[in-house]
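Peer 1: My file is final_31.txt. It has compact mmCIF, C-alpha atoms:
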```txt
# COMPACT_ATOMS: atom_id res chain seq x y z
CA MET A 1 -10.36 24.87 -1.24
CA ARG A 2 -13.79 24.56 0.24
CA ARG A 3 -13.87 24.72 3.97
CA ARG A 4 -16.42 22.27 5.14
CA ASP A 5 -16.70 21.12 8.67
CA LEU A 6 -15.05 18.04 9.97
CA ILE A 7 -18.42 16.45 10.62
CA ALA A 8 -18.96 16.10 6.89
CA GLY A 9 -15.67 14.31 6.53
CA ILE A 10 -16.49 11.93 9.30
CA ALA A 11 -19.97 11.30 7.95
CA SER A 12 -18.63 10.33 4.57
CA LEU A 13 -16.16 8.00 6.20
CA GLY A 14 -19.00 6.31 8.01
CA ALA A 15 -20.83 5.81 4.76
CA LEU A 16 -17.82 3.93 3.44
CA GLY A 17 -18.11 1.22 6.05
CA GLY A 18 -20.40 -1.38 4.54
CA ALA A 19 -20.30 -0.52 0.87
CA GLY A 20 -16.57 0.02 0.99
CA ALA A 21 -15.91 -3.50 2.13
CA VAL A 22 -16.23 -4.82 -1.40
CA ALA A 23 -14.83 -1.85 -3.24
CA THR A 24 -11.72 -1.53 -1.15
CA GLY A 25 -10.97 -5.22 -1.20
CA ASN A 26 -10.84 -5.55 2.55
CA ILE A 27 -10.66 -9.22 3.21
CA PRO A 28 -12.76 -10.38 6.12
CA ALA A 29 -10.89 -12.24 8.81
CA THR A 30 -12.98 -15.32 8.21
CA ILE A 31 -14.19 -16.35 4.83
CA ASP A 32 -16.92 -18.93 4.60
CA GLY A 33 -17.19 -21.37 1.75
CA GLU A 34 -20.23 -19.67 0.27
CA ASP A 35 -18.46 -16.37 -0.24
CA ALA A 36 -15.34 -18.03 -1.52
CA PRO A 37 -12.98 -15.41 -2.93
CA GLU A 38 -11.39 -15.70 -6.34
CA PRO A 39 -8.15 -17.66 -6.47
CA VAL A 40 -5.03 -15.49 -6.28
CA ASP A 41 -2.96 -15.47 -9.47
CA PRO A 42 0.45 -16.93 -8.66
CA VAL A 43 3.54 -14.73 -8.58
CA THR A 44 7.14 -15.94 -8.82
CA ILE A 45 9.56 -14.31 -6.39
CA GLN A 46 13.17 -14.82 -5.32
CA THR A 47 14.07 -16.81 -2.24
CA ILE A 48 17.01 -15.85 -0.05
CA ASP A 49 19.93 -17.92 1.17
CA ALA A 50 19.28 -18.14 4.94
CA PRO A 51 18.59 -20.84 7.56
CA GLY A 52 15.78 -23.09 6.27
CA SER A 53 15.82 -21.23 2.95
CA ARG A 54 17.96 -21.20 -0.18
CA ASP A 55 18.82 -18.95 -3.07
CA GLY A 56 16.28 -19.57 -5.84
CA GLU A 57 12.73 -18.89 -6.96
CA MET A 58 9.32 -19.87 -5.76
CA THR A 59 5.78 -19.41 -6.99
CA LEU A 60 3.16 -18.23 -4.52
CA PRO A 61 0.59 -19.28 -3.72
CA ALA A 62 1.81 -22.85 -4.24
CA PRO A 63 -0.16 -24.58 -7.01
CA ASP A 64 -0.66 -27.87 -5.21
CA ARG A 65 -0.72 -27.27 -1.47
CA PRO A 66 -1.89 -24.78 1.13
CA THR A 67 0.36 -21.77 1.61
CA PHE A 68 0.98 -19.58 4.63
CA VAL A 69 2.61 -16.21 3.92
CA ASP A 70 3.98 -13.88 6.60
CA PHE A 71 4.81 -10.38 5.33
CA PHE A 72 7.56 -8.79 7.38
CA GLY A 73 10.38 -6.25 7.22
CA THR A 74 13.77 -6.26 8.89
CA TRP A 75 12.97 -2.67 9.96
CA CYS A 76 9.73 -3.67 11.66
CA PRO A 77 9.93 -4.27 15.45
CA PRO A 78 6.55 -6.03 15.78
CA CYS A 79 7.65 -8.43 13.04
CA ALA A 80 10.62 -9.41 15.20
CA GLU A 81 8.43 -9.68 18.29
CA GLN A 82 6.16 -12.27 16.76
CA MET A 83 8.93 -14.50 15.41
CA PRO A 84 8.87 -16.89 18.41
CA ASP A 85 5.16 -17.51 17.76
CA LEU A 86 5.79 -18.08 14.07
CA VAL A 87 8.60 -20.50 14.93
CA GLU A 88 6.20 -22.45 17.13
CA ALA A 89 3.43 -22.39 14.49
CA HIS A 90 5.93 -23.60 11.92
CA ASP A 91 7.01 -26.45 14.21
CA ARG A 92 3.40 -27.53 14.47
CA LEU A 93 2.13 -27.07 10.91
CA GLY A 94 5.23 -26.78 8.76
CA ASP A 95 4.64 -30.21 7.24
CA GLU A 96 1.09 -29.45 6.18
CA VAL A 97 1.46 -26.04 4.64
CA LEU A 98 4.06 -24.26 2.53
CA PHE A 99 5.34 -21.82 5.13
CA VAL A 100 7.08 -18.69 3.84
CA SER A 101 8.04 -15.25 5.10
CA VAL A 102 8.18 -12.45 2.54
CA THR A 103 9.73 -9.00 2.75
CA THR A 104 8.91 -6.17 0.34
CA GLU A 105 12.18 -4.40 1.04
CA ASP A 106 14.54 -3.52 -1.79
CA VAL A 107 16.54 -6.72 -1.32
CA GLY A 108 19.60 -6.80 -3.52
CA GLY A 109 19.45 -3.00 -3.77
CA ALA A 110 19.28 -0.68 -0.77
CA VAL A 111 18.92 -3.67 1.56
CA SER A 112 21.42 -6.50 1.09
CA GLU A 113 20.54 -10.19 1.15
CA GLU A 114 22.94 -10.49 4.08
CA THR A 115 20.89 -7.99 6.07
CA VAL A 116 17.83 -10.18 5.62
CA ALA A 117 19.75 -13.39 6.28
CA ASP A 118 21.28 -11.93 9.47
CA TRP A 119 17.89 -10.78 10.72
CA TRP A 120 16.51 -14.21 9.92
CA THR A 121 19.29 -15.97 11.84
CA ASP A 122 18.95 -13.59 14.80
CA HIS A 123 15.25 -14.35 15.07
CA ASP A 124 15.53 -18.12 14.63
CA GLY A 125 13.77 -18.30 11.29
CA ASP A 126 14.03 -21.79 9.82
CA TRP A 127 11.79 -21.87 6.77
CA LEU A 128 11.65 -20.22 3.36
CA VAL A 129 12.23 -16.49 3.28
CA ALA A 130 11.71 -14.55 0.06
CA ALA A 131 11.88 -11.04 -1.41
CA ASP A 132 8.89 -9.51 -3.20
CA THR A 133 10.93 -6.64 -4.61
CA SER A 134 8.24 -5.40 -6.99
CA ALA A 135 5.53 -5.81 -4.30
CA GLU A 136 3.45 -7.75 -6.79
CA LEU A 137 2.58 -10.49 -4.33
CA ALA A 138 1.87 -7.90 -1.64
CA ALA A 139 -0.47 -6.18 -4.10
CA ARG A 140 -2.33 -9.38 -4.99
CA LEU A 141 -2.76 -10.19 -1.32
CA ASN A 142 -3.54 -6.55 -0.47
CA VAL A 143 -1.10 -6.14 2.38
CA GLY A 144 -2.09 -3.39 4.79
CA GLY A 145 0.82 -2.90 7.16
CA TYR A 146 3.47 -5.13 8.68
CA PRO A 147 3.35 -7.77 9.87
CA SER A 148 0.52 -9.21 7.79
CA ALA A 149 -0.34 -12.85 7.23
CA ARG A 150 -2.37 -14.82 4.70
CA ALA A 151 -3.38 -18.47 4.80
CA ILE A 152 -4.30 -19.71 1.35
CA ASP A 153 -5.93 -23.03 0.54
CA THR A 154 -4.82 -25.54 -2.03
CA THR A 155 -7.01 -23.91 -4.72
CA GLY A 156 -5.26 -20.56 -4.21
CA ARG A 157 -8.08 -18.89 -2.23
CA VAL A 158 -7.30 -16.75 0.78
CA ARG A 159 -8.89 -18.27 3.88
CA TRP A 160 -7.33 -16.12 6.58
CA ALA A 161 -6.12 -12.57 6.18
CA THR A 162 -4.83 -10.51 9.06
CA SER A 163 -2.40 -7.82 10.08
CA GLY A 164 -0.66 -7.15 13.36
CA THR A 165 1.01 -9.61 15.69
CA HIS A 166 -0.52 -12.89 16.76
CA THR A 167 -0.02 -15.70 19.21
CA THR A 168 0.95 -19.22 18.18
CA GLU A 169 -2.62 -20.39 18.78
CA GLU A 170 -4.00 -17.68 16.51
CA PHE A 171 -1.57 -18.56 13.75
CA VAL A 172 -2.39 -22.24 14.06
CA ALA A 173 -6.15 -21.57 13.99
CA GLY A 174 -5.75 -19.26 10.99
CA ILE A 175 -3.65 -21.72 9.04
CA GLU A 176 -6.05 -24.54 9.82
CA ARG A 177 -8.78 -22.64 7.98
CA ALA A 178 -6.77 -23.08 4.82
CA LEU A 179 -6.25 -26.78 5.55
CA ASP A 180 -9.94 -27.52 6.16
CA SER A 181 -11.27 -26.00 2.98
CA MET B 1 -8.41 4.07 -26.94
CA ASP B 2 -5.84 1.46 -27.84
CA ARG B 3 -6.58 -2.18 -27.68
CA ARG B 4 -4.10 -2.98 -24.95
CA HIS B 5 -5.75 -0.49 -22.67
CA PHE B 6 -9.15 -1.89 -23.47
CA LEU B 7 -8.06 -5.38 -22.52
CA ARG B 8 -6.57 -4.12 -19.31
CA SER B 9 -9.81 -2.39 -18.45
CA ILE B 10 -11.67 -5.63 -18.79
CA THR B 11 -9.17 -7.42 -16.61
CA ALA B 12 -9.41 -4.72 -14.01
CA THR B 13 -13.16 -5.02 -13.94
CA GLY B 14 -12.88 -8.66 -13.07
CA VAL B 15 -10.38 -8.15 -10.32
CA ALA B 16 -11.90 -5.28 -8.43
CA ALA B 17 -15.59 -5.76 -9.06
CA GLY B 18 -17.12 -2.79 -7.27
CA THR B 19 -14.73 0.00 -7.99
CA THR B 20 -14.08 -0.52 -11.63
CA ALA B 21 -17.25 -2.07 -12.95
CA THR B 22 -18.52 1.25 -14.24
CA ALA B 23 -15.16 2.79 -14.87
CA GLY B 24 -14.19 0.90 -18.00
CA CYS B 25 -14.14 2.42 -21.46
CA LEU B 26 -16.92 4.95 -21.15
CA GLY B 27 -15.04 6.50 -18.29
CA ALA B 28 -11.98 6.86 -20.43
CA LEU B 29 -13.98 8.90 -22.94
CA GLY B 30 -14.84 11.27 -20.17
CA ASP B 31 -18.44 11.76 -21.17
CA SER B 32 -20.11 10.85 -17.93
CA GLY B 33 -17.69 12.03 -15.27
CA ALA B 34 -16.91 15.44 -13.80
CA GLU B 35 -15.27 18.03 -16.01
CA GLY B 36 -11.63 17.29 -16.65
CA THR B 37 -11.73 13.76 -15.30
CA ILE B 38 -10.94 10.49 -16.99
CA LEU B 39 -12.53 8.12 -14.51
CA ASP B 40 -16.23 7.91 -13.80
CA PRO B 41 -17.41 9.14 -10.44
CA PRO B 42 -16.42 6.84 -7.58
CA GLU B 43 -18.94 4.43 -6.17
CA THR B 44 -18.94 6.33 -2.88
CA ASP B 45 -19.54 10.05 -3.21
CA LEU B 46 -16.92 11.84 -1.12
CA SER B 47 -17.71 15.35 -2.35
CA GLU B 48 -18.84 16.41 1.12
CA ALA B 49 -15.57 15.33 2.70
CA ILE B 50 -13.30 17.99 4.07
CA HIS B 51 -10.43 16.91 1.85
CA PRO B 52 -10.23 17.28 -1.96
CA SER B 53 -12.03 14.53 -3.85
CA TYR B 54 -13.19 13.51 -7.33
CA GLY B 55 -13.34 16.40 -9.79
CA ASP B 56 -11.67 18.95 -7.48
CA GLU B 57 -8.51 20.77 -8.44
CA MET B 58 -5.49 19.48 -6.57
CA PRO B 59 -4.35 22.19 -4.14
CA GLU B 60 -1.17 23.82 -5.34
CA PHE B 61 1.73 24.08 -2.92
CA THR B 62 5.49 23.75 -2.93
CA ALA B 63 7.70 21.81 -0.54
CA PRO B 64 11.35 20.72 -0.61
CA ASP B 65 12.43 17.24 -1.69
CA PRO B 66 15.32 16.90 0.79
CA ILE B 67 16.95 14.04 -1.11
CA THR B 68 17.26 15.76 -4.51
CA GLY B 69 17.41 19.25 -3.02
CA GLU B 70 14.66 20.44 -5.39
CA GLU B 71 11.62 22.50 -4.55
CA VAL B 72 8.67 20.45 -5.77
CA SER B 73 5.34 21.99 -6.62
CA THR B 74 2.14 20.05 -7.14
CA GLY B 75 1.51 22.33 -10.13
CA GLN B 76 4.74 21.52 -11.95
CA PHE B 77 3.43 18.21 -13.26
CA GLU B 78 0.56 19.71 -15.22
CA GLY B 79 0.46 18.42 -18.76
CA GLU B 80 3.19 15.88 -18.00
CA ARG B 81 2.56 13.51 -15.15
CA ALA B 82 -0.31 12.01 -13.21
CA PHE B 83 0.56 11.57 -9.55
CA LEU B 84 -0.30 10.00 -6.24
CA TRP B 85 -0.11 12.08 -3.09
CA THR B 86 -0.26 10.91 0.51
CA SER B 87 1.01 12.02 3.91
CA PHE B 88 2.96 9.96 6.41
CA TYR B 89 5.88 9.92 8.84
CA THR B 90 8.60 7.33 9.16
CA ASN B 91 8.13 6.78 12.90
CA CYS B 92 4.53 5.72 12.35
CA PRO B 93 4.18 2.96 14.97
CA ASP B 94 1.11 1.12 13.72
CA GLY B 95 1.90 0.04 10.18
CA VAL B 96 -0.47 2.56 8.60
CA CYS B 97 2.30 4.54 6.90
CA PRO B 98 4.11 1.54 5.39
CA ALA B 99 0.72 0.45 4.03
CA LEU B 100 0.26 3.86 2.38
CA ILE B 101 3.79 3.86 0.99
CA LEU B 102 3.34 0.27 -0.26
CA ARG B 103 0.42 1.41 -2.40
CA LEU B 104 2.44 4.22 -4.00
CA ARG B 105 5.49 2.11 -4.56
CA ARG B 106 3.50 -0.72 -6.15
CA VAL B 107 2.13 1.79 -8.64
CA GLN B 108 5.71 3.00 -9.17
CA ALA B 109 6.88 -0.57 -9.89
CA ARG B 110 3.96 -1.12 -12.25
CA ALA B 111 4.72 2.16 -14.03
CA ALA B 112 8.29 1.00 -14.61
CA GLU B 113 7.11 -2.39 -15.89
CA GLN B 114 4.62 -0.79 -18.28
CA GLY B 115 6.90 2.01 -19.43
CA TYR B 116 4.96 5.03 -18.17
CA GLY B 117 7.28 5.91 -15.30
CA ASP B 118 8.08 9.24 -16.98
CA GLU B 119 4.40 10.15 -16.95
CA ALA B 120 3.98 9.39 -13.26
CA ALA B 121 5.03 11.03 -10.00
CA PHE B 122 4.77 10.00 -6.35
CA LEU B 123 4.56 12.69 -3.68
CA PRO B 124 4.43 11.36 -0.12
CA LEU B 125 4.58 14.29 2.30
CA THR B 126 6.04 13.89 5.78
CA PHE B 127 4.43 16.03 8.46
CA ASP B 128 7.29 15.17 10.84
CA PRO B 129 10.22 17.06 9.30
CA GLU B 130 11.99 17.19 12.66
CA ARG B 131 12.70 13.48 12.58
CA ASP B 132 12.34 12.79 8.86
CA THR B 133 15.60 14.17 7.54
CA ALA B 134 16.99 13.43 4.10
CA GLU B 135 19.08 10.62 5.55
CA VAL B 136 16.15 9.03 7.39
CA LEU B 137 13.93 9.26 4.31
CA GLN B 138 16.59 7.69 2.14
CA GLU B 139 16.93 4.71 4.45
CA TYR B 140 13.16 4.43 4.70
CA ALA B 141 12.91 4.33 0.91
CA GLY B 142 15.14 1.25 0.83
CA GLN B 143 13.15 -0.47 3.54
CA GLN B 144 9.88 0.22 1.78
CA GLY B 145 11.18 -0.85 -1.63
CA VAL B 146 10.90 2.60 -3.19
CA ASP B 147 12.98 3.26 -6.31
CA LEU B 148 14.49 6.70 -5.79
CA ASP B 149 16.58 6.36 -8.95
CA ALA B 150 13.46 6.29 -11.14
CA GLY B 151 13.35 10.08 -10.81
CA ASN B 152 9.59 10.14 -10.24
CA TRP B 153 9.50 9.78 -6.46
CA HIS B 154 9.71 12.91 -4.32
CA PHE B 155 9.45 12.84 -0.57
CA LEU B 156 8.09 16.26 0.39
CA ARG B 157 9.42 17.71 3.62
CA PRO B 158 8.05 21.03 4.86
CA GLU B 159 10.63 23.38 6.38
CA SER B 160 9.27 22.98 9.89
CA TYR B 161 6.66 21.10 11.89
CA GLU B 162 4.50 24.24 11.95
CA ALA B 163 4.84 24.74 8.20
CA GLY B 164 3.73 21.13 7.68
CA GLN B 165 0.74 21.56 9.98
CA GLU B 166 -0.32 24.66 8.09
CA LEU B 167 0.17 22.99 4.73
CA MET B 168 -1.96 20.02 5.75
CA MET B 169 -4.75 22.19 7.16
CA ASP B 170 -4.84 24.80 4.41
CA ASN B 171 -4.65 22.39 1.50
CA PHE B 172 -6.30 19.24 2.74
CA GLY B 173 -8.32 20.30 5.78
CA LEU B 174 -6.44 17.71 7.81
CA LYS B 175 -5.34 18.52 11.33
CA ILE B 176 -1.93 17.26 12.40
CA GLU B 177 -1.06 17.25 16.08
CA LYS B 178 1.64 15.59 18.13
CA THR B 179 0.33 13.20 20.75
CA ASP B 180 2.15 11.50 23.54
CA GLY B 181 4.03 8.51 22.22
CA GLU B 182 4.30 6.89 25.64
CA GLN B 183 2.23 3.88 24.69
CA TYR B 184 4.86 3.02 22.09
CA GLU B 185 8.35 1.89 22.88
CA ASN B 186 11.08 4.42 22.02
CA LEU B 187 8.67 6.98 20.62
CA ALA B 188 8.51 10.47 22.11
CA TYR B 189 5.49 11.50 20.09
CA ALA B 190 3.10 10.14 17.49
CA PHE B 191 0.58 11.60 15.04
CA PRO B 192 -2.85 10.09 14.76
CA HIS B 193 -3.67 10.85 11.16
CA TYR B 194 -5.97 10.26 8.27
CA GLY B 195 -4.76 7.68 5.74
CA LEU B 196 -5.67 9.63 2.63
CA ILE B 197 -4.25 8.92 -0.83
CA LEU B 198 -5.12 11.20 -3.77
CA LEU B 199 -4.84 10.28 -7.45
CA VAL B 200 -4.38 13.39 -9.59
CA ASN B 201 -4.48 13.43 -13.40
CA LYS B 202 -2.16 15.28 -15.76
CA GLN B 203 -4.49 18.28 -15.73
CA GLY B 204 -4.19 18.61 -11.96
CA ILE B 205 -7.70 17.31 -11.27
CA VAL B 206 -8.33 14.78 -8.50
CA GLU B 207 -9.55 11.52 -10.03
CA ARG B 208 -9.82 9.55 -6.84
CA ALA B 209 -9.56 10.17 -3.12
CA TYR B 210 -8.92 6.98 -1.18
CA PRO B 211 -9.76 7.94 2.39
CA LYS B 212 -9.03 4.50 3.75
CA GLY B 213 -5.74 4.37 1.92
CA PRO B 214 -3.96 1.79 4.09
CA SER B 215 -6.57 -0.87 3.36
CA THR B 216 -7.67 0.15 -0.14
CA ASP B 217 -7.23 -2.66 -2.63
CA ILE B 218 -3.76 -2.19 -4.11
CA GLU B 219 -4.65 -3.51 -7.54
CA ALA B 220 -7.65 -1.18 -7.70
CA ILE B 221 -5.32 1.80 -7.17
CA VAL B 222 -2.88 0.39 -9.73
CA ASP B 223 -5.70 0.00 -12.27
CA ASP B 224 -7.16 3.45 -11.59
CA PHE B 225 -3.74 5.03 -11.97
CA GLU B 226 -3.02 3.13 -15.15
CA ARG B 227 -6.29 4.24 -16.72
CA VAL B 228 -5.60 7.84 -15.81
CA VAL B 229 -1.98 7.93 -16.92
CA THR B 230 -2.55 6.15 -20.24
CA ALA B 231 -5.74 8.00 -21.20
```
Show me, as structure tokens, the structure contained in the file I just sent.
Peer 2:
Amino acid sequence: MRRRDLIAGIASLGALGGAGAVATGNIPATIDGEDAPEPVDPVTIQTIDAPGSRDGEMTLPAPDRPTFVDFFGTWCPPCAEQMPDLVEAHDRLGDEVLFVSVTTEDVGGAVSEETVADWWTDHDGDWLVAADTSAELAARLNVGGYPSARAIDTTGRVRWATSGTHTTEEFVAGIERALDS
Amino acid sequence: MDRRHFLRSITATGVAAGTTATAGCLGALGDSGAEGTILDPPETDLSEAIHPSYGDEMPEFTAPDPITGEEVSTGQFEGERAFLWTSFYTNCPDGVCPALILRLRRVQARAAEQGYGDEAAFLPLTFDPERDTAEVLQEYAGQQGVDLDAGNWHFLRPESYEAGQELMMDNFGLKIEKTDGEQYENLAYAFPHYGLILLVNKQGIVERAYPKGPSTDIEAIVDDFERVVTA
């Protein structure tokens, strides 16, 4: 193949910055009302029998209330690290928002439901936990790494999108964006 | 072009405004893109990038799939399957690699749903063969929701770290180097690397290079792949 210098590669990356923001679907951390994104089409996924959760189905985002989604994996150490902050955020806002943690692992296949339920118990999870085994929800919400979180308002629009770990205060502030709008 | 595809193209245009607005039906006729391509040129011209991009031939190389025991060549899919290629390692500490793998596996799930799984292949290459053994890759597949039984997913594992470095440099112009993993818990070494995903058509021509693979809109990749594989 052509051998061009690394500078060219870096230059073209730079050019991606601004223009790429739309094309790549990067969701800004804060979304103002004027640039309201399109509502996310709902996806139905399976919930898991675990503390605060039950075996069944749920549709996300919820049609009639704000939704907070935490994407995690039982294999993901930072996901475990931020559980205490999620527990605290849930204690504070769990009545105002549909709070759910979602894994994209092969639950029911290579990874058993028990594995997820045990992880959940070990980390004091006490809200709905669900499996997005086809990654359809993760695709619609454009997950980029784990953990990732999305706060979605009552009309199904993403109001806070983030990846990496966060403090309780950051979670609360992020979720409140979806409550205000 | 069949009607179902046409409708999907329209849907895709709505979802991923920028990327697909010009890539609808005309692109599928191939009359305005580079020779041998199905998609129109990308919005951002990456032809000066060091790695292969739109309209280039996919570099041909062979590497073992340690799970099936096969030698897999990028050339073996010609005339049969479109594929996605990326590079990663399972010890990736920052979430970049799971984000890359998520994009491939969502396309894999979509391919199964739409019935073109036999016309698709997924070729994530590990440049850390020392740690990424067959067993480790198998477990990783489960964690990342990959369907190994579909028969279209091949982890590629070069014979040695040096062989992987050479493969990445010679074929993709990408330099792989171990760095101290001290900043991460329980990690002896890490690899800062470039989150590139390539979409290659059935003729072995690159249709899209996604240089910011970990954050590229997943549905845009799914739509691009679907247009290429069903063309």
Peer 1: Just to confirm, what's the straight-line distance from atom CA of B:Glu57 to atom CA of B:Trp85 in Å (one decimal)?
Peer 2: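 Rounded to one decimal, the two atoms are 13.2 Å apart.
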Peer 1: With a distance threshold of 6 Å and counting only C-alpha atoms, extract the residues of chain B near chain A and express them as a PDB file with C-alpha atoms, in the coordinates of the input.
Peer 2:
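Result file is result.pdb:
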```pdb
ATOM      1  CA  GLY B  18     -17.120  -2.790  -7.270  1.00  0.00           C
ATOM      2  CA  THR B  19     -14.730   0.000  -7.990  1.00  0.00           C
ATOM      3  CA  GLU B  48     -18.840  16.410   1.120  1.00  0.00           C
ATOM      4  CA  ALA B  49     -15.570  15.330   2.700  1.00  0.00           C
ATOM      5  CA  ILE B  50     -13.300  17.990   4.070  1.00  0.00           C
ATOM      6  CA  GLY B  95       1.900   0.040  10.180  1.00  0.00           C
ATOM      7  CA  VAL B  96      -0.470   2.560   8.600  1.00  0.00           C
ATOM      8  CA  PRO B  98       4.110   1.540   5.390  1.00  0.00           C
ATOM      9  CA  ALA B  99       0.720   0.450   4.030  1.00  0.00           C
ATOM     10  CA  ARG B 106       3.500  -0.720  -6.150  1.00  0.00           C
ATOM     11  CA  ALA B 109       6.880  -0.570  -9.890  1.00  0.00           C
ATOM     12  CA  GLY B 142      15.140   1.250   0.830  1.00  0.00           C
ATOM     13  CA  GLN B 143      13.150  -0.470   3.540  1.00  0.00           C
ATOM     14  CA  GLN B 144       9.880   0.220   1.780  1.00  0.00           C
ATOM     15  CA  GLY B 145      11.180  -0.850  -1.630  1.00  0.00           C
ATOM     16  CA  PRO B 214      -3.960   1.790   4.090  1.00  0.00           C
ATOM     17  CA  SER B 215      -6.570  -0.870   3.360  1.00  0.00           C
ATOM     18  CA  THR B 216      -7.670   0.150  -0.140  1.00  0.00           C
ATOM     19  CA  ASP B 217      -7.230  -2.660  -2.630  1.00  0.00           C
ATOM     20  CA  ILE B 218      -3.760  -2.190  -4.110  1.00  0.00           C
TER      21      ILE B 218
END
```
Peer 1: Report the distance between atom CA of A:Val116 and atom CA of A:Asp49 in Å, rounded to one decimal place.
Peer 2: 9.2 Å
Peer 1: Would you mind listing what lies within 6 Å of B:Gly213 as a PDB file with C-alpha atoms, in the frame of the given file, with all atoms listed in the file counted and same-chain residues fewer than 5 positions away left out?
Peer 2:
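Once everything was written out, this is out05.pdb:
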```pdb
ATOM      1  CA  GLY B 195      -4.760   7.680   5.740  1.00  0.00           C
ATOM      2  CA  LEU B 196      -5.670   9.630   2.630  1.00  0.00           C
ATOM      3  CA  ILE B 197      -4.250   8.920  -0.830  1.00  0.00           C
TER       4      ILE B 197
END
```
Peer 1: Got a sec: who's within 10 Å of A:Leu98, counting all atoms listed in the file, leaving out chain neighbours fewer than 5 positions off, as an NGL selection string?
Peer 2: :A and (60-62 or 64-69 or 90 or 93 or 127-128 or 151-152)
Peer 1: Atom CA of B:Ala34 and atom CA of B:Pro59 are how many Å apart?
Peer 2: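 Here the two named atoms are 17.2 Å from each other.
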Peer 1: B:Gln114, B:Ser53, B:Gln165, B:Thr62: which is nearest B:Phe191, counting only C-alpha atoms?
Peer 2: B:Gln165
Peer 1: Counting all atoms listed in the file, note down every residue that has an atom within 12 Å of the point (8.5, 7.8, -13.1) (file coordinates), as JSON, numbers by chain.
Peer 2: {"B": [77, 80, 81, 82, 83, 84, 104, 105, 107, 108, 109, 110, 111, 112, 113, 114, 115, 116, 117, 118, 119, 120, 121, 122, 123, 146, 147, 148, 149, 150, 151, 152, 153, 154, 229]}
Peer 1: Which residue, B:Gly33, B:Glu70, B:Gln203, B:Phe127, has the smallest gap to B:Glu166 when you use all atoms listed in the file?
Peer 2: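 The answer is B:Phe127, which sits nearest to B:Glu166.
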Peer 1: As number ranges by chain, please: the residues near A:Asp85 (cut-off 12 Å, only C-alpha atoms, same-chain neighbours under 2 positions excluded).
Peer 2: A: 70, 78-83, 87-92, 123-125, 165-172
Peer 1: Find the residues with any atom within 7 Å of (-0.1, -27.2, 8.5); use all atoms listed in the file and the coordinates as given in the file, and write the answer as a list in words.
Peer 2: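 Protein, DNA and RNA residues close to (-0.1, -27.2, 8.5): Arg92, Leu93, Gly94, Asp95, Glu96, Val97, Ile175, Glu176 and Leu179 of chain A.
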Peer 1: Could the residues in this selection be saved with C-alpha atoms as a PDB file, keeping the file's coordinate frame?
Peer 2:
```
ATOM      1  CA  ARG A  92       3.400 -27.530  14.470  1.00  0.00           C
ATOM      2  CA  LEU A  93       2.130 -27.070  10.910  1.00  0.00           C
ATOM      3  CA  GLY A  94       5.230 -26.780   8.760  1.00  0.00           C
ATOM      4  CA  ASP A  95       4.640 -30.210   7.240  1.00  0.00           C
ATOM      5  CA  GLU A  96       1.090 -29.450   6.180  1.00  0.00           C
ATOM      6  CA  VAL A  97       1.460 -26.040   4.640  1.00  0.00           C
ATOM      7  CA  ILE A 175      -3.650 -21.720   9.040  1.00  0.00           C
ATOM      8  CA  GLU A 176      -6.050 -24.540   9.820  1.00  0.00           C
ATOM      9  CA  LEU A 179      -6.250 -26.780   5.550  1.00  0.00           C
TER      10      LEU A 179
END
```
Peer 1: Using all atoms listed in the file, which protein or nucleic acid residues come within 7 Å of B:Val228? Drop anything in the same chain fewer than 4 positions from it, and give the result as a VMD selection string.
Peer 2: chain B and resid 38 201 224
Peer 1: Applying 9 Å and all atoms listed in the file, which residues near B:Thr126 remain after dropping the ones on its own chain fewer than 6 positions away? List them as number ranges by chain.
Peer 2: B: 86-90, 132, 155-158, 164
Peer 1: Is there a way to complete stretch 80-87 of chain A with N, CA and C atoms and then write that out as a PDB file, keeping the file's coordinate frame?
Peer 2:
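Output contents, as saved in result_23.pdb:
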```
ATOM      1  N   ALA A  80       9.632  -8.665  14.414  1.00  0.00           N
ATOM      2  CA  ALA A  80      10.620  -9.410  15.200  1.00  0.00           C
ATOM      3  C   ALA A  80       9.962 -10.014  16.435  1.00  0.00           C
ATOM      4  N   GLU A  81       9.084  -9.212  17.064  1.00  0.00           N
ATOM      5  CA  GLU A  81       8.430  -9.680  18.290  1.00  0.00           C
ATOM      6  C   GLU A  81       7.629 -10.959  18.097  1.00  0.00           C
ATOM      7  N   GLN A  82       7.017 -11.106  16.927  1.00  0.00           N
ATOM      8  CA  GLN A  82       6.160 -12.270  16.760  1.00  0.00           C
ATOM      9  C   GLN A  82       6.895 -13.491  16.201  1.00  0.00           C
ATOM     10  N   MET A  83       8.183 -13.362  15.954  1.00  0.00           N
ATOM     11  CA  MET A  83       8.930 -14.500  15.410  1.00  0.00           C
ATOM     12  C   MET A  83       8.851 -15.760  16.273  1.00  0.00           C
ATOM     13  N   PRO A  84       8.968 -15.653  17.613  1.00  0.00           N
ATOM     14  CA  PRO A  84       8.870 -16.890  18.410  1.00  0.00           C
ATOM     15  C   PRO A  84       7.538 -17.624  18.178  1.00  0.00           C
ATOM     16  N   ASP A  85       6.462 -16.869  18.001  1.00  0.00           N
ATOM     17  CA  ASP A  85       5.160 -17.510  17.760  1.00  0.00           C
ATOM     18  C   ASP A  85       5.095 -18.136  16.367  1.00  0.00           C
ATOM     19  N   LEU A  86       5.739 -17.487  15.410  1.00  0.00           N
ATOM     20  CA  LEU A  86       5.790 -18.080  14.070  1.00  0.00           C
ATOM     21  C   LEU A  86       6.631 -19.344  14.077  1.00  0.00           C
ATOM     22  N   VAL A  87       7.733 -19.312  14.840  1.00  0.00           N
ATOM     23  CA  VAL A  87       8.600 -20.500  14.930  1.00  0.00           C
ATOM     24  C   VAL A  87       7.777 -21.677  15.472  1.00  0.00           C
TER      25      VAL A  87
END
```
